[in-house]
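Containing compact mmCIF, C-alpha atoms: model_10.txt.
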# COMPACT_ATOMS: atom_id res chain seq x y z
CA MET A 126 199.66 46.28 153.62
CA THR A 127 200.80 49.20 155.74
CA SER A 128 201.07 48.66 159.48
CA TYR A 129 201.21 51.48 161.99
CA SER A 130 202.90 51.38 165.37
CA LYS A 131 201.09 51.83 168.66
CA GLU A 132 202.85 55.20 168.96
CA VAL A 133 201.35 56.42 165.66
CA ILE A 134 197.91 55.23 166.73
CA SER A 135 198.41 57.01 170.07
CA ASP A 136 199.25 60.27 168.28
CA LEU A 137 196.21 59.77 166.03
CA VAL A 138 193.92 59.33 169.07
CA ALA A 139 195.50 62.33 170.82
CA GLY A 140 195.03 64.51 167.73
CA THR A 141 198.75 65.29 167.50
CA LEU A 142 199.56 63.41 164.30
CA PRO A 143 200.32 65.83 161.43
CA TRP A 144 197.40 66.12 159.00
CA PRO A 145 199.13 64.53 155.97
CA GLN A 146 199.97 61.45 158.02
CA THR A 147 196.51 61.41 159.62
CA ARG A 148 194.95 61.43 156.18
CA ARG A 149 197.16 58.53 155.04
CA VAL A 150 196.29 56.49 158.14
CA MET A 151 192.56 57.17 157.75
CA SER A 152 192.53 56.44 154.02
CA ALA A 153 194.59 53.25 153.99
CA TYR A 154 193.34 49.74 154.61
CA LYS A 155 193.30 49.02 158.31
CA ASP A 156 196.01 46.73 159.65
CA ASP A 157 194.66 43.46 161.05
CA ASP A 158 195.64 44.41 164.60
CA ARG A 159 194.52 48.07 164.46
CA PHE A 160 191.62 47.56 166.88
CA PHE A 161 193.90 45.93 169.45
CA LYS A 162 196.49 48.72 169.13
CA TYR A 163 193.70 51.28 169.53
CA VAL A 164 192.37 49.54 172.66
CA ALA A 165 195.93 49.33 174.06
CA VAL A 166 196.33 53.09 173.53
CA LEU A 167 193.03 53.74 175.30
CA GLN A 168 193.99 51.38 178.14
CA ASP A 169 197.23 53.33 178.65
CA ARG A 170 195.22 56.55 179.00
CA VAL A 171 192.93 55.37 181.80
CA GLY A 172 193.88 55.09 185.46
CA TRP A 173 192.30 51.69 186.06
CA LYS A 174 193.34 48.13 185.22
CA ASP A 175 190.04 46.52 184.11
CA PRO A 176 190.58 45.52 180.47
CA ILE A 177 188.75 47.62 177.88
CA LEU A 178 186.73 45.35 175.60
CA LEU A 179 185.07 47.95 173.39
CA PRO A 180 185.12 51.76 173.22
CA VAL A 181 181.61 53.25 173.27
CA SER A 182 182.72 56.85 172.72
CA ASP A 183 185.83 58.97 173.29
CA HIS A 184 185.66 58.65 177.09
CA LEU A 185 183.26 55.73 177.64
CA PHE A 186 184.13 52.04 177.44
CA ILE A 187 182.80 48.55 177.99
CA CYS A 188 185.29 46.73 180.17
CA GLN A 189 185.74 43.49 182.06
CA SER A 190 185.46 44.15 185.80
CA GLY A 191 185.94 40.89 187.68
CA ASP A 192 183.15 38.59 186.49
CA GLU A 193 181.08 41.48 185.12
CA ARG A 194 181.17 43.53 181.95
CA VAL A 195 180.39 47.14 182.72
CA THR A 196 180.21 50.52 181.02
CA ARG A 197 182.92 52.70 182.54
CA CYS A 198 183.93 56.34 182.16
CA GLU A 199 187.55 57.23 181.52
CA CYS A 200 187.70 58.54 185.11
CA GLY A 201 186.81 55.06 186.43
CA HIS A 202 183.14 55.63 187.31
CA SER A 203 181.08 52.52 186.56
CA PHE A 204 177.62 52.90 185.04
CA GLY A 205 176.94 49.20 185.67
CA ASP A 206 176.08 46.26 183.42
CA TYR A 207 176.88 47.11 179.79
CA ARG A 208 173.61 45.54 178.64
CA LYS A 209 171.63 48.17 180.51
CA ASN A 210 171.24 51.79 179.42
CA TRP A 211 174.18 53.60 181.02
CA LYS A 212 172.40 56.95 180.51
CA LEU A 213 169.93 56.07 183.28
CA LYS A 214 172.82 56.23 185.79
CA ALA A 215 174.28 59.46 184.42
CA SER A 216 173.65 62.95 185.68
CA ILE A 217 171.22 64.47 183.21
CA ILE A 218 170.66 68.10 182.31
CA VAL A 219 167.42 68.60 180.40
CA ARG A 220 167.19 71.83 178.44
CA ASN A 221 163.47 72.28 177.93
CA THR A 222 162.93 76.01 178.36
CA GLU A 223 163.85 78.95 176.18
CA GLU A 224 166.18 80.21 178.91
CA ALA A 225 168.01 76.87 179.19
CA LEU A 226 168.33 76.54 175.41
CA ARG A 227 169.68 80.13 175.13
CA GLU A 228 172.60 79.09 177.35
CA ILE A 229 173.95 77.07 174.43
CA TYR A 230 172.33 78.94 171.52
CA PRO A 231 172.69 82.58 172.64
CA ASN A 232 172.69 84.21 169.19
CA SER A 233 170.72 81.87 166.98
CA ASP A 234 167.37 80.29 166.52
CA ILE A 235 166.42 77.72 169.11
CA PRO A 236 164.13 74.73 168.88
CA ASP A 237 160.62 75.14 170.23
CA PRO A 238 160.81 73.71 173.78
CA GLN A 239 157.25 72.40 173.42
CA TRP A 240 158.44 70.18 170.56
CA MET A 241 162.03 69.33 171.48
CA GLU A 242 164.31 69.17 174.48
CA LEU A 243 168.04 68.55 174.74
CA ARG A 244 169.28 65.98 177.23
CA GLU A 245 172.92 66.10 178.29
CA PHE A 246 174.30 62.89 179.82
CA ILE A 247 177.18 63.59 182.18
CA CYS A 248 179.45 61.42 184.31
CA PRO A 249 178.46 62.06 187.94
CA ARG A 250 182.06 61.62 189.07
CA CYS A 251 184.18 63.71 186.67
CA GLY A 252 181.63 65.83 184.80
CA THR A 253 182.50 64.58 181.30
CA MET A 254 179.58 65.02 178.92
CA HIS A 255 179.28 61.69 177.12
CA GLU A 256 176.27 62.32 174.92
CA VAL A 257 173.48 64.71 173.99
CA GLU A 258 170.05 63.67 172.75
CA ALA A 259 167.51 65.85 171.02
CA ALA A 260 164.07 64.37 171.62
CA ALA A 261 160.43 65.25 171.90
CA PRO A 262 159.43 66.01 175.51
CA GLY A 263 158.41 62.79 177.24
CA TYR A 264 160.16 60.55 174.74
CA PRO A 265 162.04 57.73 176.54
CA ILE A 266 165.80 57.97 176.94
CA VAL A 267 167.33 56.16 173.97
CA HIS A 268 169.37 53.00 174.58
CA ASP A 269 171.82 53.46 171.70
CA PHE A 270 173.04 49.91 171.26
CA GLN A 271 173.81 46.65 172.98
CA PRO A 272 176.80 45.09 171.27
CA ASP A 273 177.25 41.38 170.76
CA LEU A 274 180.75 41.35 172.22
CA GLU A 275 181.42 37.66 171.61
CA GLY A 276 180.19 37.89 168.02
CA PHE A 277 182.22 41.04 167.35
CA TYR A 278 185.43 39.45 168.59
CA ARG A 279 184.79 36.08 166.93
CA GLU A 280 183.37 37.22 163.57
CA TRP A 281 185.01 40.61 163.00
CA LEU A 282 188.29 40.36 164.86
CA GLY A 283 188.83 36.60 164.49
CA LYS A 284 189.78 36.19 168.14
CA PRO A 285 187.97 34.97 171.22
CA LEU A 286 186.79 37.56 173.71
Rewrite the structure of this file - the entire thing - as structure tokens.
Amino acid sequence: MTSYSKEVISDLVAGTLPWPQTRRVMSAYKDDDRFFKYVAVLQDRVGWKDPILLPVSDHLFICQSGDERVTRCECGHSFGDYRKNWKLKASIIVRNTEEALREIYPNSDIPDPQWMELREFICPRCGTMHEVEAAAPGYPIVHDFQPDLEGFYREWLGKPL
């Protein structure tokens, strides 16, 4: 089995790995410690020491903060308990008018604002947009997932959390 160094994984995450090598890395069987190398690369990129337990997206992580597990932005902003919907503590831009939708779709068809709105979830500290939802007006904010961290580590990674 092929094993890749932390440096190669870092270049992959940064988008600087040449395409032929990127394709080989993506197509090959994953090394047993790939997840841990990936998390180590992400940990090196953030300016805080709380250990990353699970990446949620490119700039959003579940981490161990003292006795708590929280959802944290790359900038360090905490959205609180990872089991709760982090989006409820984000800054939210709702695009629910033709004018607001034209800001992002200036030259194309737009959805009917009576049938759909776009919700942009943004870190209140650094301004990173973490997610966008397209939903019917009035539809509750979606709680994407609540991972079983212990089960993931035990059953998928074969290590205790």
Gap from CA of Pro143 in chain A to CA of Glu256 in chain A - Å, one decimal: 27.8 Å
Using all atoms listed in the file, which protein or nucleic acid residues come within 9 Å of Trp211 in chain A? Drop anything in the same chain fewer than 4 positions from it, and give the result as JSON, numbers by chain. {"A": [196, 197, 203, 204, 205, 206, 207, 215, 268]}
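We find CA of Ile247 in chain A and CA of Lys162 in chain A to be spaced 27.6 Å apart.
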Could you pull the residues within 12 Å of Pro236 in chain A, counting only C-alpha atoms, minus those fewer than 3 positions along the same chain, as a VMD selection string? chain A and resid 220 to 227 229 to 230 233 239 to 243 259 to 262
Within 12 Å of (184.6, 43.9, 166.2) in the file's own coordinates, which protein, DNA or RNA residues have an atom, counting all atoms listed in the file? List them as an MDAnalysis selection string. chainID A and resid 157:161 164 178:180 272:286
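Across the structure, CA of Thr253 in chain A and CA of Asp183 in chain A are spaced 10.3 Å apart.
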Just need range 182-210 of chain A in a file, please: N, CA and C atoms, as a PDB file, in the first residue's frame.
ATOM      1  N   SER A 182     -16.076  21.196   7.504  1.00  0.00           N
ATOM      2  CA  SER A 182     -15.931  21.722   6.146  1.00  0.00           C
ATOM      3  C   SER A 182     -14.523  22.284   6.037  1.00  0.00           C
ATOM      4  N   ASP A 183     -14.229  22.995   4.970  1.00  0.00           N
ATOM      5  CA  ASP A 183     -12.860  23.480   4.750  1.00  0.00           C
ATOM      6  C   ASP A 183     -12.334  24.357   5.883  1.00  0.00           C
ATOM      7  N   HIS A 184     -13.210  25.126   6.524  1.00  0.00           N
ATOM      8  CA  HIS A 184     -12.765  26.078   7.543  1.00  0.00           C
ATOM      9  C   HIS A 184     -13.547  25.939   8.847  1.00  0.00           C
ATOM     10  N   LEU A 185     -14.186  24.804   9.058  1.00  0.00           N
ATOM     11  CA  LEU A 185     -15.028  24.589  10.238  1.00  0.00           C
ATOM     12  C   LEU A 185     -14.720  23.207  10.813  1.00  0.00           C
ATOM     13  N   PHE A 186     -14.548  23.150  12.135  1.00  0.00           N
ATOM     14  CA  PHE A 186     -14.065  21.929  12.771  1.00  0.00           C
ATOM     15  C   PHE A 186     -14.790  21.663  14.081  1.00  0.00           C
ATOM     16  N   ILE A 187     -14.863  20.398  14.457  1.00  0.00           N
ATOM     17  CA  ILE A 187     -15.248  20.031  15.810  1.00  0.00           C
ATOM     18  C   ILE A 187     -13.940  19.810  16.550  1.00  0.00           C
ATOM     19  N   CYS A 188     -13.799  20.464  17.695  1.00  0.00           N
ATOM     20  CA  CYS A 188     -12.557  20.344  18.446  1.00  0.00           C
ATOM     21  C   CYS A 188     -12.840  20.164  19.929  1.00  0.00           C
ATOM     22  N   GLN A 189     -11.814  19.713  20.628  1.00  0.00           N
ATOM     23  CA  GLN A 189     -11.883  19.543  22.079  1.00  0.00           C
ATOM     24  C   GLN A 189     -11.404  20.835  22.702  1.00  0.00           C
ATOM     25  N   SER A 190     -12.272  21.493  23.471  1.00  0.00           N
ATOM     26  CA  SER A 190     -11.930  22.756  24.113  1.00  0.00           C
ATOM     27  C   SER A 190     -12.155  22.585  25.612  1.00  0.00           C
ATOM     28  N   GLY A 191     -11.083  22.261  26.330  1.00  0.00           N
ATOM     29  CA  GLY A 191     -11.227  21.942  27.754  1.00  0.00           C
ATOM     30  C   GLY A 191     -12.058  20.671  27.882  1.00  0.00           C
ATOM     31  N   ASP A 192     -13.129  20.745  28.655  1.00  0.00           N
ATOM     32  CA  ASP A 192     -14.017  19.588  28.843  1.00  0.00           C
ATOM     33  C   ASP A 192     -15.123  19.525  27.808  1.00  0.00           C
ATOM     34  N   GLU A 193     -15.177  20.511  26.912  1.00  0.00           N
ATOM     35  CA  GLU A 193     -16.262  20.584  25.930  1.00  0.00           C
ATOM     36  C   GLU A 193     -15.765  20.232  24.528  1.00  0.00           C
ATOM     37  N   ARG A 194     -16.700  19.796  23.715  1.00  0.00           N
ATOM     38  CA  ARG A 194     -16.446  19.624  22.284  1.00  0.00           C
ATOM     39  C   ARG A 194     -17.292  20.662  21.572  1.00  0.00           C
ATOM     40  N   VAL A 195     -16.616  21.503  20.807  1.00  0.00           N
ATOM     41  CA  VAL A 195     -17.286  22.643  20.180  1.00  0.00           C
ATOM     42  C   VAL A 195     -17.030  22.669  18.679  1.00  0.00           C
ATOM     43  N   THR A 196     -17.902  23.374  17.977  1.00  0.00           N
ATOM     44  CA  THR A 196     -17.687  23.663  16.561  1.00  0.00           C
ATOM     45  C   THR A 196     -16.951  24.991  16.501  1.00  0.00           C
ATOM     46  N   ARG A 197     -15.814  25.000  15.805  1.00  0.00           N
ATOM     47  CA  ARG A 197     -14.945  26.184  15.785  1.00  0.00           C
ATOM     48  C   ARG A 197     -14.544  26.522  14.361  1.00  0.00           C
ATOM     49  N   CYS A 198     -14.558  27.810  14.059  1.00  0.00           N
ATOM     50  CA  CYS A 198     -14.082  28.317  12.770  1.00  0.00           C
ATOM     51  C   CYS A 198     -12.553  28.312  12.767  1.00  0.00           C
ATOM     52  N   GLU A 199     -11.991  28.274  11.594  1.00  0.00           N
ATOM     53  CA  GLU A 199     -10.540  28.336  11.439  1.00  0.00           C
ATOM     54  C   GLU A 199      -9.940  29.548  12.158  1.00  0.00           C
ATOM     55  N   CYS A 200     -10.685  30.649  12.229  1.00  0.00           N
ATOM     56  CA  CYS A 200     -10.187  31.870  12.874  1.00  0.00           C
ATOM     57  C   CYS A 200     -10.173  31.754  14.397  1.00  0.00           C
ATOM     58  N   GLY A 201     -10.840  30.735  14.948  1.00  0.00           N
ATOM     59  CA  GLY A 201     -10.879  30.532  16.389  1.00  0.00           C
ATOM     60  C   GLY A 201     -12.247  30.790  17.009  1.00  0.00           C
ATOM     61  N   HIS A 202     -13.154  31.397  16.257  1.00  0.00           N
ATOM     62  CA  HIS A 202     -14.495  31.667  16.802  1.00  0.00           C
ATOM     63  C   HIS A 202     -15.204  30.355  17.127  1.00  0.00           C
ATOM     64  N   SER A 203     -15.775  30.275  18.329  1.00  0.00           N
ATOM     65  CA  SER A 203     -16.508  29.078  18.740  1.00  0.00           C
ATOM     66  C   SER A 203     -18.001  29.288  18.523  1.00  0.00           C
ATOM     67  N   PHE A 204     -18.623  28.313  17.869  1.00  0.00           N
ATOM     68  CA  PHE A 204     -20.074  28.316  17.675  1.00  0.00           C
ATOM     69  C   PHE A 204     -20.771  27.513  18.771  1.00  0.00           C
ATOM     70  N   GLY A 205     -20.019  27.025  19.746  1.00  0.00           N
ATOM     71  CA  GLY A 205     -20.594  26.305  20.875  1.00  0.00           C
ATOM     72  C   GLY A 205     -20.636  24.805  20.673  1.00  0.00           C
ATOM     73  N   ASP A 206     -21.387  24.149  21.537  1.00  0.00           N
ATOM     74  CA  ASP A 206     -21.506  22.696  21.599  1.00  0.00           C
ATOM     75  C   ASP A 206     -21.731  22.110  20.206  1.00  0.00           C
ATOM     76  N   TYR A 207     -20.910  21.140  19.828  1.00  0.00           N
ATOM     77  CA  TYR A 207     -20.978  20.558  18.481  1.00  0.00           C
ATOM     78  C   TYR A 207     -22.291  19.838  18.219  1.00  0.00           C
ATOM     79  N   ARG A 208     -23.007  19.468  19.275  1.00  0.00           N
ATOM     80  CA  ARG A 208     -24.270  18.745  19.097  1.00  0.00           C
ATOM     81  C   ARG A 208     -25.423  19.678  18.748  1.00  0.00           C
ATOM     82  N   LYS A 209     -25.173  20.972  18.878  1.00  0.00           N
ATOM     83  CA  LYS A 209     -26.201  21.958  18.539  1.00  0.00           C
ATOM     84  C   LYS A 209     -25.902  22.534  17.162  1.00  0.00           C
ATOM     85  N   ASN A 210     -26.916  23.072  16.518  1.00  0.00           N
ATOM     86  CA  ASN A 210     -26.776  23.595  15.159  1.00  0.00           C
ATOM     87  C   ASN A 210     -25.936  24.873  15.170  1.00  0.00           C
TER      88      ASN A 210
END
